[in-house]
Amino acid sequence: MIADTAAAREARETLVSTFLRTFPEEVARRLETVPAEEAARLLSKQPAARAARVIERLTPQWAAGIIALIPDEPAREILGEVELTKVAALLARLDREDRDRLLNLLPPSVFREVRDLMAYPPDTAGSLMDPRAMTFRPDMTVEEALARLRATRPDLNYEIFVVDDEARLLGSVRIQDLAVASWTTTIQHLMQTSTPSVLAMALKDEVADLLTQGRLTSLPVLDLEQRLLGVIRHDALVTAAQEEATADMLTMVGASREERALSNVTFAIRKRLPWLEINLGTAFLAAAVVGIFEDTIARNTALAVLLPVVAGQSGNTGAQALAVTMRGLALREIRIRHWLRMLVKEGNVGFSNGIAVAATTALFVYIWSRSVGLASVIGLSMVISMTIAGLSGAAVPLVLTSVGQDPAQSSSIILTTVTDVVGFFSFLGIATLLSTML
C-alpha cells in the first residue's frame, strides 16, 4: 500500500512537471483560479526556469502576489530566470516590506538595475502611476472576474484592464458593464479596445493633455512593448494637470517650476533673481526709448500722461495672443509649421481691435485735450502698437519652441519688453513727426 502510494505520488509529480513544461500558458490560467498560497507552494517545488515561464505568463498583480509568498531561496532562483523589466514590474506591485526582501535576494548588479528600472524621473507618467493595476484575461468569464474582485478587493476607479499572455494591454472594461452582464459572458465581449494610454517615460504635460482631451477616470501606463506597468488614477491625473498649468504660469513670469509656496528663501531668490535682473535690463531699454524723445515730451507734457494708455493696451493685446498661442502649443492644436497662419491671424486681430480701440481712445483724448493732433497721434499709435503686439504674442512662444526651449519660459517678460518698446516708440515717434499739430 505504501509502495503504491509513493508510486502514485511520483506519477502525479511527473505529470504535473510535464504539464508545467509543456503548457505554461494553461498552467498560468489554472493557477489564477486557486488560492495564491497553493500556487506558491506548487511553483516553489519546480525548477526555477520552469516556474519562471509560468510566472511570466500570469497576470501582473497575480504573479506579484504569488512570488511574494514563495520562500527566499526558490524566489531568488525564479527571479533570476525572469526578464529584468518584468522583475521590476512585479516587485513594484508589492508593499515595501516584500519588495525590499525580494530585492535583497538579487545579486548586487541585478539589484541596481532592477532598482533603476523601478525608479522613474519625477516629471514622467511612470512617477505618477500606481503599479497595482487590476488586470484580467479576455477569455475570463464575468463570474470569475467578479469572484476575483470580491476576493482581492482592489483599489478601483471605474474600469479594469484586459491584457494578453505577455501582459500587453488589450483594452478595458467598465465596472458597471461587468456588474450587469451575464455571468457566462467573457471579458472579451465587454472590452473596449480604444483605451487611451501613455508610455511610462512620457512627460507630465502629455498626461495633462490626455486628461483635457477626454473625460478620463484612469490612464494605463505602458512600457515600450505595450505591456501594462500600472495606472494613473483620477486624482493623480487632476494633480498632474494642475501642476502643469501652474508650472506654465510660474515660468511665464520668470519663477521656477520647482518652487513651491513654502520653498526655502535662498532657493526662491536663486531661481527668481536672474530673471528680475533681465527684466531690469529690459525696463532700462524701454526707458531709453522714452529718453530719445525727451524734448518732445518736454514740449508736450500731455504725452507723458498718455504713455501708460498706449503701453497698457498693447500689453493686453500681446498677452491675449500669447495665451491663445501657448494653449494651442500645449494642447498640440498647432505646430511650428503653422507659424504663418498664426501670425496672419493674430496680426489681423490686433489690427482690427486696434482700429476699434483707437477710435474710442482718440474720441476721449479729443474731448479731454481739444487737440486734433494729439487725438490723431494716439489713434495711429494704438493701431500700430496693437498690431505689432498681436504679432509678437504669437511669435514669442513659436520662436522659443523652434529653438528647442520651453515656450512658457519667461515669455511674458520678453513680450512686455517688445510691447513697451514698440508702444513708446510708435507713440512718441508719431508725436515727433506731427509735432506741428500738437
# chains A, B, ... in the order shown; residues from 1 in each chain; ligands from 1
>>> residues_around(residues="Thr33 (chain A)", least_positions_apart="6", cutoff="10 Å", atoms="only C-alpha atoms", output="PyMOL selection string")
chain A and resi 39+144+147-148
>>> residues_around(residues="Arg335 (chain A)", least_positions_apart="5", cutoff="9 Å", atoms="only C-alpha atoms", output="number ranges by chain")
A: 328-329, 398
>>> closest_residue(among="A:Tyr366, A:Ile334, A:Ala298, A:Pro60", to="Arg227 (chain A)", atoms="only C-alpha atoms")
A:Pro60
>>> atom_distance(atom1="CA of Gly379 (chain A)", atom2="CA of Ala395 (chain A)")
24.5 Å
>>> atom_distance(atom1="CA of Val357 (chain A)", atom2="CA of Met386 (chain A)")
9.3 Å
>>> closest_residue(among="A:Ile78, A:Leu306, A:Lys345, A:Thr401", to="Ala362 (chain A)", atoms="only C-alpha atoms")
A:Leu306
>>> residues_around(residues="region 415-422 of chain A", least_positions_apart="6", cutoff="8 Å", atoms="only C-alpha atoms", output="count of residues only")
16
>>> residues_around(residues="Gly126 (chain A)", least_positions_apart="4", cutoff="10 Å", atoms="only C-alpha atoms", output="PyMOL selection string")
chain A and resi 118-122+130-131+198-204+221-223+229-232
>>> write_last_selection(atoms="N, CA and C atoms", output="compact mmCIF listing (two decimals), in the first residue's frame")
# COMPACT_ATOMS: atom_id res chain seq x y z
N MET A 118 12.78 50.49 -11.63
CA MET A 118 11.59 50.82 -10.84
C MET A 118 11.47 52.31 -10.55
N ALA A 119 12.55 53.06 -10.74
CA ALA A 119 12.55 54.49 -10.43
C ALA A 119 12.37 55.29 -11.71
N TYR A 120 11.33 56.10 -11.77
CA TYR A 120 11.07 56.93 -12.94
C TYR A 120 11.36 58.39 -12.60
N PRO A 121 11.86 59.16 -13.58
CA PRO A 121 12.10 60.59 -13.34
C PRO A 121 10.83 61.27 -12.84
N PRO A 122 10.96 62.31 -12.02
CA PRO A 122 9.80 62.92 -11.37
C PRO A 122 8.80 63.58 -12.32
N ASP A 130 0.15 54.18 -10.26
CA ASP A 130 0.02 53.17 -9.22
C ASP A 130 0.25 51.83 -9.90
N PRO A 131 1.32 51.11 -9.54
CA PRO A 131 1.61 49.85 -10.25
C PRO A 131 0.64 48.72 -9.93
N VAL A 198 -0.56 55.78 -22.10
CA VAL A 198 0.62 56.63 -22.18
C VAL A 198 1.85 55.80 -21.83
N LEU A 199 2.99 56.11 -22.43
CA LEU A 199 4.23 55.42 -22.11
C LEU A 199 4.76 55.92 -20.76
N ALA A 200 5.48 55.05 -20.07
CA ALA A 200 5.96 55.38 -18.73
C ALA A 200 6.88 56.59 -18.73
N MET A 201 7.65 56.78 -19.82
CA MET A 201 8.60 57.89 -19.85
C MET A 201 8.01 59.15 -20.47
N ALA A 202 6.71 59.14 -20.77
CA ALA A 202 6.07 60.35 -21.29
C ALA A 202 6.07 61.43 -20.21
N LEU A 203 6.16 62.66 -20.63
CA LEU A 203 6.22 63.77 -19.68
C LEU A 203 4.83 64.08 -19.12
N LYS A 204 4.82 64.77 -18.00
CA LYS A 204 3.57 65.09 -17.33
C LYS A 204 2.62 65.90 -18.21
N VAL A 221 -0.54 52.94 -17.98
CA VAL A 221 0.84 53.29 -18.31
C VAL A 221 1.53 52.05 -18.87
N LEU A 222 2.18 52.19 -20.03
CA LEU A 222 2.77 51.06 -20.73
C LEU A 222 4.27 51.23 -20.89
N ASP A 223 4.97 50.08 -21.10
CA ASP A 223 6.37 50.15 -21.48
C ASP A 223 6.45 50.17 -23.01
N LEU A 229 2.16 48.54 -17.10
CA LEU A 229 3.01 48.71 -15.92
C LEU A 229 2.22 49.19 -14.70
N GLY A 230 1.18 49.94 -14.95
CA GLY A 230 0.40 50.48 -13.85
C GLY A 230 -0.69 51.38 -14.38
N VAL A 231 -1.29 52.14 -13.50
CA VAL A 231 -2.39 53.02 -13.88
C VAL A 231 -2.27 54.35 -13.13
N ILE A 232 -2.51 55.42 -13.84
CA ILE A 232 -2.58 56.74 -13.20
C ILE A 232 -4.04 56.99 -12.87
>>> residues_around(residues="Ala179 (chain A)", least_positions_apart="3", cutoff="10 Å", atoms="only C-alpha atoms", output="list in words")
Val142, Glu143, Ala145, Leu146, Arg174, Ile175, Gln176, Ser182 and Trp183 of chain A
>>> atom_distance(atom1="CA of Leu79 (chain A)", atom2="CA of Phe23 (chain A)")
20.0 Å
>>> select_by_dssp(residues="region 176-417 of chain A", states="strand (DSSP E)", output="MDAnalysis selection string")
chainID A and resid 198:199 218:222 228:233
>>> write_last_selection(atoms="C-alpha atoms", output="compact mmCIF listing (two decimals), in the first residue's frame")
# COMPACT_ATOMS: atom_id res chain seq x y z
CA VAL A 198 0.62 56.63 -22.18
CA LEU A 199 4.23 55.42 -22.11
CA SER A 218 -7.80 56.47 -15.09
CA LEU A 219 -4.94 56.17 -17.57
CA PRO A 220 -2.95 52.95 -18.15
CA VAL A 221 0.84 53.29 -18.31
CA LEU A 222 2.77 51.06 -20.73
CA LEU A 228 0.84 47.32 -18.73
CA LEU A 229 3.01 48.71 -15.92
CA GLY A 230 0.40 50.48 -13.85
CA VAL A 231 -2.39 53.02 -13.88
CA ILE A 232 -2.58 56.74 -13.20
CA ARG A 233 -5.73 57.23 -11.18
>>> residues_around(residues="Ala88 (chain A)", least_positions_apart="6", cutoff="8 Å", atoms="only C-alpha atoms", output="list in words")
Val114, Arg115, Leu117 and Met118 of chain A
>>> residues_around(residues="Ser172 (chain A)", least_positions_apart="2", cutoff="8 Å", atoms="only C-alpha atoms", output="MDAnalysis selection string")
chainID A and resid 159:162 170 174 191:193 195
>>> select_by_dssp(residues="region 251-368 of chain A", states="helix (DSSP H, G or I)", output="MDAnalysis selection string")
chainID A and resid 251:252 265:292 294:299 302:330 336:368
